[in-house]
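Trainee: So I've got this file, run_4.txt, and it contains compact mmCIF, C-alpha atoms and all ligand atoms:
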```
# COMPACT_ATOMS: atom_id res chain seq x y z
CA MET A 12 0.00 0.00 0.00
CA GLU A 13 1.23 3.50 -0.78
CA LYS A 14 2.76 5.15 2.27
CA LEU A 15 0.64 8.06 3.46
CA GLN A 16 2.62 11.21 4.12
CA ALA A 17 1.97 14.83 5.07
CA ILE A 18 1.33 16.99 2.00
CA LYS A 19 4.32 18.88 0.58
CA GLY A 20 4.77 22.20 2.35
CA THR A 21 2.99 21.00 5.50
CA TYR A 22 4.46 19.28 8.54
CA ASP A 23 3.57 17.84 11.93
CA ILE A 24 4.39 19.44 15.24
CA LEU A 25 5.30 16.48 17.42
CA PRO A 26 4.96 16.48 21.24
CA GLU A 27 8.70 17.16 21.64
CA ASP A 28 8.44 20.34 19.46
CA ALA A 29 5.04 21.36 20.82
CA VAL A 30 6.78 22.50 24.03
CA LEU A 31 8.45 25.31 22.09
CA TRP A 32 5.21 26.19 20.32
CA GLN A 33 3.38 26.37 23.66
CA TYR A 34 6.13 28.62 25.01
CA ILE A 35 5.77 30.95 22.01
CA GLU A 36 1.97 30.94 22.25
CA GLN A 37 2.15 31.78 25.95
CA ASN A 38 4.45 34.72 25.17
CA ILE A 39 2.07 35.91 22.43
CA ARG A 40 -0.75 35.95 24.98
CA GLU A 41 1.38 37.74 27.57
CA ILE A 42 2.73 40.45 25.26
CA CYS A 43 -0.72 41.15 23.82
CA GLU A 44 -2.19 41.44 27.30
CA LEU A 45 0.62 43.85 28.19
CA TYR A 46 -0.25 46.04 25.20
CA GLY A 47 -4.04 45.73 25.67
CA TYR A 48 -4.90 43.59 22.60
CA GLY A 49 -7.72 41.02 22.85
CA GLU A 50 -7.73 37.72 21.00
CA ILE A 51 -9.89 37.05 17.93
CA ARG A 52 -10.35 33.64 16.28
CA MET A 53 -11.76 33.44 12.77
CA PRO A 54 -12.73 30.55 10.48
CA VAL A 55 -9.99 28.91 8.42
CA PHE A 56 -11.98 29.39 5.19
CA GLU A 57 -13.87 32.37 3.85
CA ASN A 58 -15.61 33.45 0.64
CA THR A 59 -12.97 33.86 -2.08
CA ALA A 60 -14.33 37.35 -2.82
CA LEU A 61 -13.10 38.55 0.60
CA PHE A 62 -9.45 37.96 -0.34
CA ALA A 63 -9.86 39.08 -3.95
CA ARG A 64 -11.24 42.39 -2.69
CA GLY A 65 -9.14 42.68 0.45
CA VAL A 66 -5.69 41.42 -0.52
CA GLY A 67 -6.13 42.62 -4.12
CA ASP A 68 -6.56 40.67 -7.34
CA THR A 69 -3.27 41.78 -8.89
CA THR A 70 -1.20 40.36 -6.01
CA ASP A 71 0.73 37.08 -6.26
CA VAL A 72 -1.19 35.83 -3.24
CA VAL A 73 -4.55 36.12 -5.01
CA GLN A 74 -3.38 35.37 -8.54
CA LYS A 75 -1.15 32.38 -7.87
CA GLU A 76 -1.12 31.20 -4.30
CA MET A 77 -4.61 30.69 -2.91
CA TYR A 78 -6.14 27.32 -2.09
CA THR A 79 -9.54 27.86 -3.67
CA PHE A 80 -12.28 25.29 -4.23
CA THR A 81 -15.97 25.16 -5.04
CA ASP A 82 -18.02 23.67 -2.22
CA LYS A 83 -21.16 21.55 -2.57
CA GLY A 84 -23.32 24.68 -2.58
CA ASN A 85 -21.35 25.90 -5.63
CA ARG A 86 -19.70 28.67 -3.60
CA SER A 87 -16.11 29.66 -4.20
CA ILE A 88 -14.26 29.13 -0.92
CA THR A 89 -10.63 29.90 -0.05
CA LEU A 90 -8.39 28.75 2.79
CA ARG A 91 -7.18 32.01 4.34
CA PRO A 92 -3.81 33.11 2.95
CA GLU A 93 -3.52 35.78 5.67
CA GLY A 94 -5.40 37.16 8.67
CA THR A 95 -6.17 40.84 8.08
CA SER A 96 -9.04 40.40 5.60
CA GLY A 97 -10.82 37.93 7.89
CA VAL A 98 -10.42 40.22 10.89
CA VAL A 99 -11.94 43.15 8.97
CA ARG A 100 -14.81 40.93 7.77
CA SER A 101 -15.47 39.83 11.34
CA VAL A 102 -15.16 43.35 12.78
CA LEU A 103 -17.77 44.59 10.29
CA GLU A 104 -20.06 41.58 10.69
CA HIS A 105 -20.19 42.08 14.46
CA SER A 106 -20.23 45.91 14.36
CA LEU A 107 -17.19 46.05 16.61
CA LEU A 108 -16.29 49.51 15.33
CA SER A 109 -19.29 50.98 17.14
CA GLY A 110 -17.56 50.12 20.44
CA ALA A 111 -14.54 51.81 22.03
CA LEU A 112 -11.86 52.89 19.57
CA PRO A 113 -9.12 52.15 18.86
CA LEU A 114 -10.16 48.54 18.67
CA LYS A 115 -7.10 46.33 19.23
CA MET A 116 -6.95 42.64 18.48
CA TYR A 117 -4.50 39.78 17.95
CA TYR A 118 -4.63 36.31 16.44
CA ASN A 119 -2.51 33.21 16.23
CA ILE A 120 -3.61 31.32 13.13
CA THR A 121 -2.68 28.90 10.38
CA CYS A 122 -2.51 30.39 6.86
CA TYR A 123 -2.36 28.65 3.47
CA ARG A 124 -0.41 29.70 0.41
CA ASN A 125 0.41 27.52 -2.56
CA GLU A 126 4.02 28.73 -2.85
CA LYS A 127 7.09 26.68 -3.73
CA PRO A 128 8.20 25.22 -0.40
CA GLN A 129 11.73 26.04 0.76
CA ALA A 130 13.47 26.87 4.03
CA GLY A 131 11.19 29.32 5.84
CA ARG A 132 8.41 28.97 3.28
CA TYR A 133 5.55 26.52 3.76
CA ARG A 134 2.12 25.92 2.29
CA GLU A 135 0.54 25.73 5.71
CA PHE A 136 2.23 28.16 8.07
CA ARG A 137 1.44 29.92 11.32
CA GLN A 138 1.13 33.62 11.86
CA PHE A 139 0.89 35.74 14.97
CA GLY A 140 -0.84 38.94 13.90
CA VAL A 141 -2.24 42.10 15.45
CA GLU A 142 -4.67 44.65 14.04
CA ALA A 143 -5.77 48.03 15.45
CA PHE A 144 -8.65 50.08 14.07
CA GLY A 145 -9.89 53.62 14.46
CA SER A 146 -6.80 55.81 14.77
CA SER A 147 -4.69 57.32 12.00
CA ASP A 148 -2.22 58.75 14.52
CA ASN A 149 1.37 57.68 13.94
CA ALA A 150 1.71 56.95 17.67
CA LEU A 151 -0.32 53.81 16.91
CA ASP A 152 2.09 52.87 14.09
CA ALA A 153 4.94 53.16 16.60
CA GLU A 154 3.02 51.10 19.17
CA ILE A 155 2.44 48.30 16.65
CA ILE A 156 6.11 48.23 15.67
CA SER A 157 7.09 48.33 19.33
CA LEU A 158 4.83 45.35 20.07
CA ALA A 159 6.52 43.29 17.33
CA VAL A 160 10.03 44.32 18.41
CA SER A 161 9.33 43.66 22.12
CA PHE A 162 7.90 40.24 21.31
CA LEU A 163 10.92 39.26 19.20
CA LYS A 164 13.28 40.47 21.95
CA ARG A 165 11.31 38.51 24.54
CA MET A 166 11.86 35.43 22.36
CA GLY A 167 15.59 36.04 22.71
CA LEU A 168 16.36 37.21 19.18
CA LYS A 169 19.22 39.57 18.45
CA GLY A 170 20.45 41.53 15.46
CA LEU A 171 17.05 42.08 13.87
CA LYS A 172 16.55 44.96 11.45
CA VAL A 173 13.43 47.11 11.49
CA ASN A 174 12.90 48.52 8.00
CA ILE A 175 10.23 51.15 7.46
CA ASN A 176 8.82 53.00 4.47
CA SER A 177 5.80 55.04 3.43
CA ILE A 178 3.89 54.05 0.31
CA GLY A 179 1.60 57.07 0.52
CA CYS A 180 -2.14 57.35 0.06
CA PRO A 181 -4.28 56.76 -3.08
CA LYS A 182 -3.75 60.44 -3.97
CA CYS A 183 0.06 60.43 -4.10
CA ARG A 184 0.18 56.83 -5.31
CA ALA A 185 -1.76 57.84 -8.45
CA GLU A 186 0.90 60.46 -9.17
CA TYR A 187 3.62 57.92 -8.52
CA ASN A 188 2.04 55.28 -10.77
CA LYS A 189 1.96 57.86 -13.57
CA ALA A 190 5.68 58.63 -13.10
CA LEU A 191 6.54 54.93 -12.86
CA LYS A 192 4.63 54.16 -16.05
CA GLU A 193 6.51 56.93 -17.82
CA TYR A 194 9.80 55.45 -16.64
CA LEU A 195 8.95 51.83 -17.50
CA GLY A 196 6.89 52.53 -20.65
CA GLY A 197 9.88 52.07 -22.93
CA LYS A 198 11.09 48.94 -21.12
CA LEU A 199 8.05 46.70 -21.39
CA ASN A 200 9.95 44.04 -23.35
CA GLU A 201 12.46 43.83 -20.47
CA LEU A 202 9.69 42.94 -18.00
CA CYS A 203 8.23 39.49 -17.32
CA PRO A 204 4.68 38.75 -18.59
CA THR A 205 3.22 39.22 -15.09
CA CYS A 206 4.83 42.66 -14.81
CA ASN A 207 3.43 43.57 -18.20
CA THR A 208 -0.04 42.96 -16.73
CA ARG A 209 0.98 44.82 -13.57
CA PHE A 210 2.04 47.75 -15.73
CA GLU A 211 -1.59 48.23 -16.75
CA LYS A 212 -3.33 47.29 -13.52
CA ASN A 213 -1.00 48.12 -10.63
CA PRO A 214 2.46 49.37 -11.71
CA MET A 215 3.79 49.68 -8.12
CA ARG A 216 3.74 45.85 -7.88
CA ILE A 217 6.60 45.78 -10.45
CA ILE A 218 8.93 47.14 -7.75
CA ASP A 219 8.15 44.00 -5.72
CA CYS A 220 8.84 41.50 -8.55
CA LYS A 221 11.44 38.82 -7.71
CA GLU A 222 12.55 38.31 -11.37
CA GLU A 223 16.09 39.56 -11.94
CA LYS A 224 15.24 41.22 -15.27
CA CYS A 225 12.36 43.16 -13.70
CA LYS A 226 14.57 44.20 -10.79
CA ALA A 227 17.16 45.45 -13.30
CA ALA A 228 14.56 47.32 -15.38
CA ALA A 229 13.14 49.03 -12.28
CA ALA A 230 16.52 49.77 -10.70
CA GLY A 231 16.56 53.48 -11.55
CA ALA A 232 12.78 53.99 -11.27
CA PRO A 233 11.41 56.96 -9.28
CA ARG A 234 10.99 56.25 -5.55
CA LEU A 235 7.53 56.54 -4.07
CA LEU A 236 8.97 57.89 -0.82
CA ASP A 237 10.32 60.91 -2.75
CA MET A 238 6.88 61.63 -4.15
CA VAL A 239 4.49 61.20 -1.20
CA CYS A 240 2.17 64.14 -0.45
CA ASP A 241 2.68 66.51 2.49
CA GLU A 242 0.22 64.71 4.74
CA CYS A 243 1.88 61.32 4.14
CA ARG A 244 5.36 62.82 4.58
CA GLU A 245 4.39 64.43 7.90
CA HIS A 246 2.87 61.16 9.05
CA PHE A 247 6.10 59.31 8.21
CA GLU A 248 8.36 61.91 9.84
CA GLY A 249 6.19 61.72 12.98
CA LEU A 250 6.53 57.93 13.02
CA LYS A 251 10.31 58.18 12.83
CA LYS A 252 10.30 60.57 15.80
CA ASN A 253 8.03 58.26 17.80
CA LEU A 254 10.31 55.30 17.14
CA GLU A 255 13.28 57.33 18.29
CA ILE A 256 11.43 58.32 21.49
CA MET A 257 10.70 54.62 22.13
CA GLY A 258 14.35 53.73 21.51
CA ILE A 259 13.61 51.51 18.51
CA ASP A 260 16.42 51.38 15.93
CA TYR A 261 15.13 51.45 12.37
CA GLN A 262 16.25 51.94 8.80
CA VAL A 263 14.28 53.58 6.02
CA ASP A 264 14.05 51.20 3.06
CA SER A 265 12.26 52.83 0.14
CA ASN A 266 12.05 49.47 -1.67
CA ILE A 267 9.50 48.00 0.71
CA VAL A 268 6.13 47.95 -1.05
CA ARG A 269 4.76 44.73 0.58
CA GLY A 270 3.01 41.95 -1.31
CA LEU A 271 -0.59 42.83 -0.46
CA ASP A 272 -2.61 45.67 -1.97
CA TYR A 273 -4.34 47.18 1.05
CA TYR A 274 -1.43 49.15 2.47
CA THR A 275 -1.33 52.95 2.75
CA LYS A 276 1.30 55.19 4.35
CA THR A 277 3.43 53.19 6.82
CA VAL A 278 4.81 49.80 5.77
CA PHE A 279 7.46 47.89 7.67
CA GLU A 280 9.35 44.61 7.74
CA ILE A 281 11.53 43.08 10.44
CA THR A 282 14.31 40.95 8.97
CA SER A 283 17.10 38.70 10.19
CA ASP A 284 20.36 37.80 8.46
CA ASP A 285 20.04 34.36 10.04
CA LEU A 286 17.14 33.41 7.79
CA GLY A 287 18.64 33.22 4.28
CA ALA A 288 16.36 34.04 1.36
CA GLN A 289 13.14 34.22 3.40
CA SER A 290 14.56 36.84 5.72
CA THR A 291 11.35 38.62 6.76
CA VAL A 292 10.10 37.47 10.15
CA CYS A 293 7.42 40.11 10.44
CA GLY A 294 5.66 42.38 7.95
CA GLY A 295 2.91 44.90 8.34
CA GLY A 296 1.63 48.37 7.84
CA ARG A 297 -1.29 50.75 7.72
CA TYR A 298 -4.40 50.04 5.66
CA ASP A 299 -6.59 53.12 5.96
CA GLY A 300 -8.83 52.20 3.01
CA LEU A 301 -9.47 48.51 3.67
CA VAL A 302 -12.45 48.75 6.02
CA GLU A 303 -14.32 50.94 3.53
CA GLN A 304 -13.25 48.70 0.66
CA LEU A 305 -14.86 45.75 2.44
CA GLY A 306 -18.13 47.58 3.04
CA GLY A 307 -17.60 49.52 6.30
CA SER A 308 -17.44 53.24 6.89
CA PRO A 309 -13.99 54.80 6.39
CA THR A 310 -11.87 53.62 9.33
CA PRO A 311 -8.08 53.59 9.51
CA GLY A 312 -6.30 50.39 10.46
CA ILE A 313 -2.81 49.07 11.04
CA GLY A 314 -1.24 45.73 11.94
CA PHE A 315 1.38 43.11 11.29
CA GLY A 316 1.81 39.39 10.64
CA LEU A 317 4.72 37.50 12.17
CA GLY A 318 5.64 34.08 10.78
CA ILE A 319 6.15 31.64 13.63
CA GLU A 320 8.13 29.09 11.55
CA ARG A 321 10.59 31.85 10.66
CA LEU A 322 10.71 32.95 14.29
CA ILE A 323 11.62 29.38 15.29
CA LEU A 324 14.24 29.07 12.53
CA CYS A 325 15.79 32.27 13.80
CA MET A 326 15.69 31.14 17.45
CA LYS A 327 17.41 27.89 16.47
CA ALA A 328 20.03 29.67 14.33
CA GLN A 329 20.82 31.94 17.27
CA ASN A 330 20.86 29.04 19.76
CA VAL A 331 18.28 30.71 21.93
CA ASP A 332 17.71 28.84 25.20
CA ILE A 333 14.27 27.31 25.10
CA PRO A 334 12.45 25.79 28.05
CA SER A 335 12.78 22.04 28.24
CA LYS A 336 9.86 19.69 28.21
CA LYS A 337 7.94 19.49 31.50
CA THR A 338 8.25 15.96 32.80
CA GLN A 339 5.77 13.65 34.45
CA LYS A 340 5.83 13.90 38.26
CA ILE A 341 4.90 10.35 39.31
CA PHE A 342 4.78 6.99 37.57
CA VAL A 343 2.91 4.23 39.41
CA CYS A 344 4.34 0.77 38.76
CA ASN A 345 2.10 -2.14 39.72
CA MET A 346 2.33 -5.91 40.00
CA GLY A 347 -0.75 -8.14 39.83
CA ASP A 348 -4.45 -7.51 39.14
CA ASN A 349 -5.31 -5.94 42.52
CA ALA A 350 -2.31 -3.64 42.32
CA LYS A 351 -3.27 -2.62 38.80
CA THR A 352 -6.75 -1.53 39.96
CA PHE A 353 -5.23 0.20 42.98
CA ALA A 354 -2.67 1.99 40.80
CA MET A 355 -5.39 3.17 38.44
CA LYS A 356 -7.32 4.70 41.37
CA LEU A 357 -4.18 6.19 42.93
CA THR A 358 -3.18 7.78 39.61
CA ASP A 359 -6.66 9.22 39.24
CA ASP A 360 -6.54 10.66 42.79
CA LEU A 361 -3.12 12.22 42.15
CA ARG A 362 -4.40 13.89 38.97
CA LYS A 363 -7.43 15.21 40.89
CA LEU A 364 -4.95 16.81 43.30
CA GLY A 365 -3.23 18.47 40.32
CA ILE A 366 -0.18 16.17 40.36
CA SER A 367 0.76 14.80 36.94
CA ALA A 368 0.81 11.03 37.08
CA SER A 369 0.44 7.90 35.01
CA CYS A 370 0.59 4.18 35.67
CA ASP A 371 1.29 0.99 33.82
CA ASN A 372 -1.77 -0.56 32.27
CA MET A 373 -0.05 -3.07 30.02
CA LYS A 374 0.87 -5.61 32.72
CA LYS A 375 4.55 -5.19 31.87
CA SER A 376 7.27 -6.72 34.01
CA LEU A 377 8.48 -4.49 36.86
CA LYS A 378 11.77 -4.04 35.05
CA ALA A 379 10.02 -2.91 31.87
CA GLN A 380 7.82 -0.53 33.88
CA MET A 381 10.87 1.04 35.54
CA LYS A 382 12.51 1.39 32.15
CA TYR A 383 9.41 3.12 30.78
CA ALA A 384 9.28 5.52 33.77
CA ASP A 385 12.89 6.34 33.05
CA LYS A 386 12.20 6.92 29.35
CA ILE A 387 9.35 9.36 29.97
CA LYS A 388 11.63 11.05 32.55
CA SER A 389 9.17 10.63 35.43
CA GLU A 390 10.46 12.51 38.47
CA TYR A 391 9.29 9.86 40.97
CA THR A 392 8.38 6.22 40.73
CA VAL A 393 6.06 4.37 43.08
CA ILE A 394 5.77 0.58 43.19
CA ILE A 395 2.46 -0.98 44.20
CA GLY A 396 2.14 -4.70 44.96
CA ASP A 397 -0.08 -6.74 47.31
CA ASN A 398 2.15 -5.75 50.23
CA GLU A 399 1.68 -2.04 49.66
CA ILE A 400 -2.10 -2.46 49.36
CA GLU A 401 -2.20 -4.35 52.64
CA THR A 402 -0.03 -1.93 54.63
CA GLY A 403 -1.32 1.20 52.85
CA GLU A 404 2.28 2.33 52.54
CA CYS A 405 4.68 2.47 49.65
CA SER A 406 8.12 3.77 48.92
CA ILE A 407 8.84 6.53 46.45
CA LYS A 408 11.91 6.56 44.26
P1 LIG A 501 2.77 38.91 4.83
O1 LIG A 501 4.00 39.71 4.65
O2 LIG A 501 2.20 38.29 3.62
O3 LIG A 501 1.71 39.85 5.53
O4 LIG A 501 3.04 37.77 5.90
C1 LIG A 501 3.52 38.09 7.18
C2 LIG A 501 4.59 37.10 7.62
O5 LIG A 501 4.10 35.77 7.51
C3 LIG A 501 5.85 37.09 6.76
O6 LIG A 501 6.72 38.12 7.13
C4 LIG A 501 6.42 35.72 7.07
O7 LIG A 501 7.12 35.74 8.30
C5 LIG A 501 5.17 34.88 7.23
N1 LIG A 501 4.90 34.13 5.99
C6 LIG A 501 4.28 34.57 4.87
N2 LIG A 501 4.20 33.59 3.95
C7 LIG A 501 4.79 32.51 4.48
C8 LIG A 501 5.02 31.16 4.04
N3 LIG A 501 4.61 30.74 2.87
N4 LIG A 501 5.65 30.31 4.89
C9 LIG A 501 6.06 30.72 6.12
N5 LIG A 501 5.86 31.97 6.59
C10 LIG A 501 5.23 32.85 5.80
C11 LIG A 501 0.45 39.49 5.86
O8 LIG A 501 0.04 38.37 5.83
C12 LIG A 501 -0.37 40.63 6.40
N6 LIG A 501 -1.72 40.13 6.69
C13 LIG A 501 0.28 41.24 7.61
C14 LIG A 501 -0.49 42.39 8.16
C15 LIG A 501 -1.34 42.35 9.20
N7 LIG A 501 -0.48 43.61 7.69
C16 LIG A 501 -1.30 44.36 8.39
N8 LIG A 501 -1.85 43.60 9.31
```
Turn this file's structure into structure tokens for me.
Ligand code: HAM

Mentor:
Amino acid sequence: MEKLQAIKGTYDILPEDAVLWQYIEQNIREICELYGYGEIRMPVFENTALFARGVGDTTDVVQKEMYTFTDKGNRSITLRPEGTSGVVRSVLEHSLLSGALPLKMYYNITCYRNEKPQAGRYREFRQFGVEAFGSSDNALDAEIISLAVSFLKRMGLKGLKVNINSIGCPKCRAEYNKALKEYLGGKLNELCPTCNTRFEKNPMRIIDCKEEKCKAAAAGAPRLLDMVCDECREHFEGLKKNLEIMGIDYQVDSNIVRGLDYYTKTVFEITSDDLGAQSTVCGGGRYDGLVEQLGGSPTPGIGFGLGIERLILCMKAQNVDIPSKKTQKIFVCNMGDNAKTFAMKLTDDLRKLGISASCDNMKKSLKAQMKYADKIKSEYTVIIGDNEIETGECSIK
């Protein structure tokens, strides 16, 4: 029979590794509590239209990478490739924006992208994300970046780079797209077929293309950061000041445009040299038009997504000390039928007292039971036989 295996680009988290995942998840909860963000959990799949409209239908994510299928009701369904669109859908569906603003939320979710798997790139991956709605103030941009940086520091990472940029608003972006089209208009035969489509629909995406020939063609192109309007420039300058006040080192990288269409003004990425080609651990930015685009009233928003697989790769590369597996407190060995029943009851009583315990229920030899207790690294071992039942006493090893 054919051997069944996990699908390419997916993997199992085994009990040994789950300890690290639990540690990370606990830290996510703690840092979000510290910053005043509440947890949101959304469905794994949504209507395809949500991502087409939210993420943008000229992005690689929507054009090439989504897991989309038609369900039995003939609806087009997609496994979420990211979290922001689903959060906005949920926020609008439950009228959360009529409550106290800014509304601040976090999530810890699986995402699905049909990309070519490689180190740091999976088809099912996990993302810790935060989103905040209702304030366009750049103090919130700084807070979001600070949350990501503090979390990564808490996880023991060093040498990370915080790269920031502004990609302006629809007003200045329109001007920029015009200038970019003028620059690239004579170089269309140097661009890949996808970028030729981008040239018509969304020229800024060309800056983000991974193809060498497109990178070369766009090398001397105008920079959006040089062309942003006064309001966007002021917003960006204010953010830089806020980061300085908070003691966060950053670099301005005018090449960051991000792979999703909803961004406005601030965009940022946190990278590590320890990660190779997939060097971005965390990416995010402002999306002041997304809520309206998905049917709500105009409401600014900002957030980030942090890839947990990449975080773990980085922690391992930097030999970060991670907590070791918690071991079992007591293992109850038993000999004979009466002792087995007694051990079962004793183990149950210990658990009710909050003491982790287990017992042999395979009628193994005492030697084999001791060996097993040793293997699972049980702190103490108790041996129950007829004698112990009679006297009501036993020794602990
Ligand atoms: P993103 O840049 O597409 O942004 O993804 C965020 C992070 O998820 C990346 O920096 C990376 O660490 C991780 N990631 C993405 N794709 C993969 C993959 N195939 N395998 C492993 N890790 C991956 C977003 O998703 C936005 N929703 C972030 C955001 C939230 N912006 C505003 N709010």

Trainee: Residues up to 6 Å from ligand LIG 501 (chain A), counting only C-alpha atoms and all ligand atoms: could you list those as a PDB file with C-alpha atoms, in the frame of the given file?

Mentor:
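File produced: pocket20.pdb:
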```
ATOM      1  CA  GLU A  93      -3.520  35.780   5.670  1.00  0.00           C
ATOM      2  CA  GLY A  94      -5.400  37.160   8.670  1.00  0.00           C
ATOM      3  CA  THR A  95      -6.170  40.840   8.080  1.00  0.00           C
ATOM      4  CA  ARG A 124      -0.410  29.700   0.410  1.00  0.00           C
ATOM      5  CA  GLY A 131      11.190  29.320   5.840  1.00  0.00           C
ATOM      6  CA  ARG A 132       8.410  28.970   3.280  1.00  0.00           C
ATOM      7  CA  TYR A 133       5.550  26.520   3.760  1.00  0.00           C
ATOM      8  CA  ARG A 134       2.120  25.920   2.290  1.00  0.00           C
ATOM      9  CA  PHE A 136       2.230  28.160   8.070  1.00  0.00           C
ATOM     10  CA  GLN A 138       1.130  33.620  11.860  1.00  0.00           C
ATOM     11  CA  GLY A 140      -0.840  38.940  13.900  1.00  0.00           C
ATOM     12  CA  GLU A 142      -4.670  44.650  14.040  1.00  0.00           C
ATOM     13  CA  THR A 291      11.350  38.620   6.760  1.00  0.00           C
ATOM     14  CA  VAL A 292      10.100  37.470  10.150  1.00  0.00           C
ATOM     15  CA  CYS A 293       7.420  40.110  10.440  1.00  0.00           C
ATOM     16  CA  GLY A 294       5.660  42.380   7.950  1.00  0.00           C
ATOM     17  CA  GLY A 295       2.910  44.900   8.340  1.00  0.00           C
ATOM     18  CA  GLY A 296       1.630  48.370   7.840  1.00  0.00           C
ATOM     19  CA  ILE A 313      -2.810  49.070  11.040  1.00  0.00           C
ATOM     20  CA  GLY A 314      -1.240  45.730  11.940  1.00  0.00           C
ATOM     21  CA  PHE A 315       1.380  43.110  11.290  1.00  0.00           C
ATOM     22  CA  GLY A 316       1.810  39.390  10.640  1.00  0.00           C
ATOM     23  CA  LEU A 317       4.720  37.500  12.170  1.00  0.00           C
ATOM     24  CA  GLY A 318       5.640  34.080  10.780  1.00  0.00           C
ATOM     25  CA  ARG A 321      10.590  31.850  10.660  1.00  0.00           C
TER      26      ARG A 321
END
```

Trainee: For the atom pair atom CA of A:Phe139 and atom CA of A:Asn266, what is the interatomic distance in Å to one decimal place?

Mentor: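 These atoms are spaced 24.3 Å apart.
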
Trainee: Considering only C-alpha atoms, can you say which of A:Ala229, A:Met346, A:Val278, A:Cys183 comes closest to A:Cys206?

Mentor: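 Between A:Ala229, A:Met346, A:Val278, A:Cys183, the residue approaching A:Cys206 most closely is A:Ala229.
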
Trainee: Tell me which protein, DNA and RNA residues are within 9 Å of A:Lys276, counting all atoms listed in the file, leaving out same-chain ones fewer than 6 positions away, and put them as a ChimeraX atom specification.

Mentor: /A:176-180,239,243-244,246-247,296-299

Trainee: Report as a list of chain:residue names all protein, DNA and RNA residues lying within 9 Å of A:Pro334, evaluated on only C-alpha atoms, omitting residues in the same chain fewer than 5 positions from it.

Mentor: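 In the requested format, the answer is A:Val30, A:Leu31, A:Tyr34.
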
Trainee: For stretch 401-408 of chain A, please output as a count of residues only all residues within 6 Å (counting all atoms listed in the file; exclusion window: fewer than 2 positions along the same chain).

Mentor: 5

Trainee: Between atom CA of A:Lys224 and atom CA of A:Thr208, what is the distance in Å, rounded to a tenth?

Mentor: 15.4 Å

Trainee: Find the smallest box with edges along x, y and z containing every listed atom of stretch 231-237 of chain A, then add 6 Å on each side and report centre and edge lengths in Å to one decimal, as lines of an AutoDock Vina configuration file.

Mentor:
```
center_x = 12.0
center_y = 57.2
center_z = -6.2
size_x = 21.0
size_y = 19.4
size_z = 22.7
```
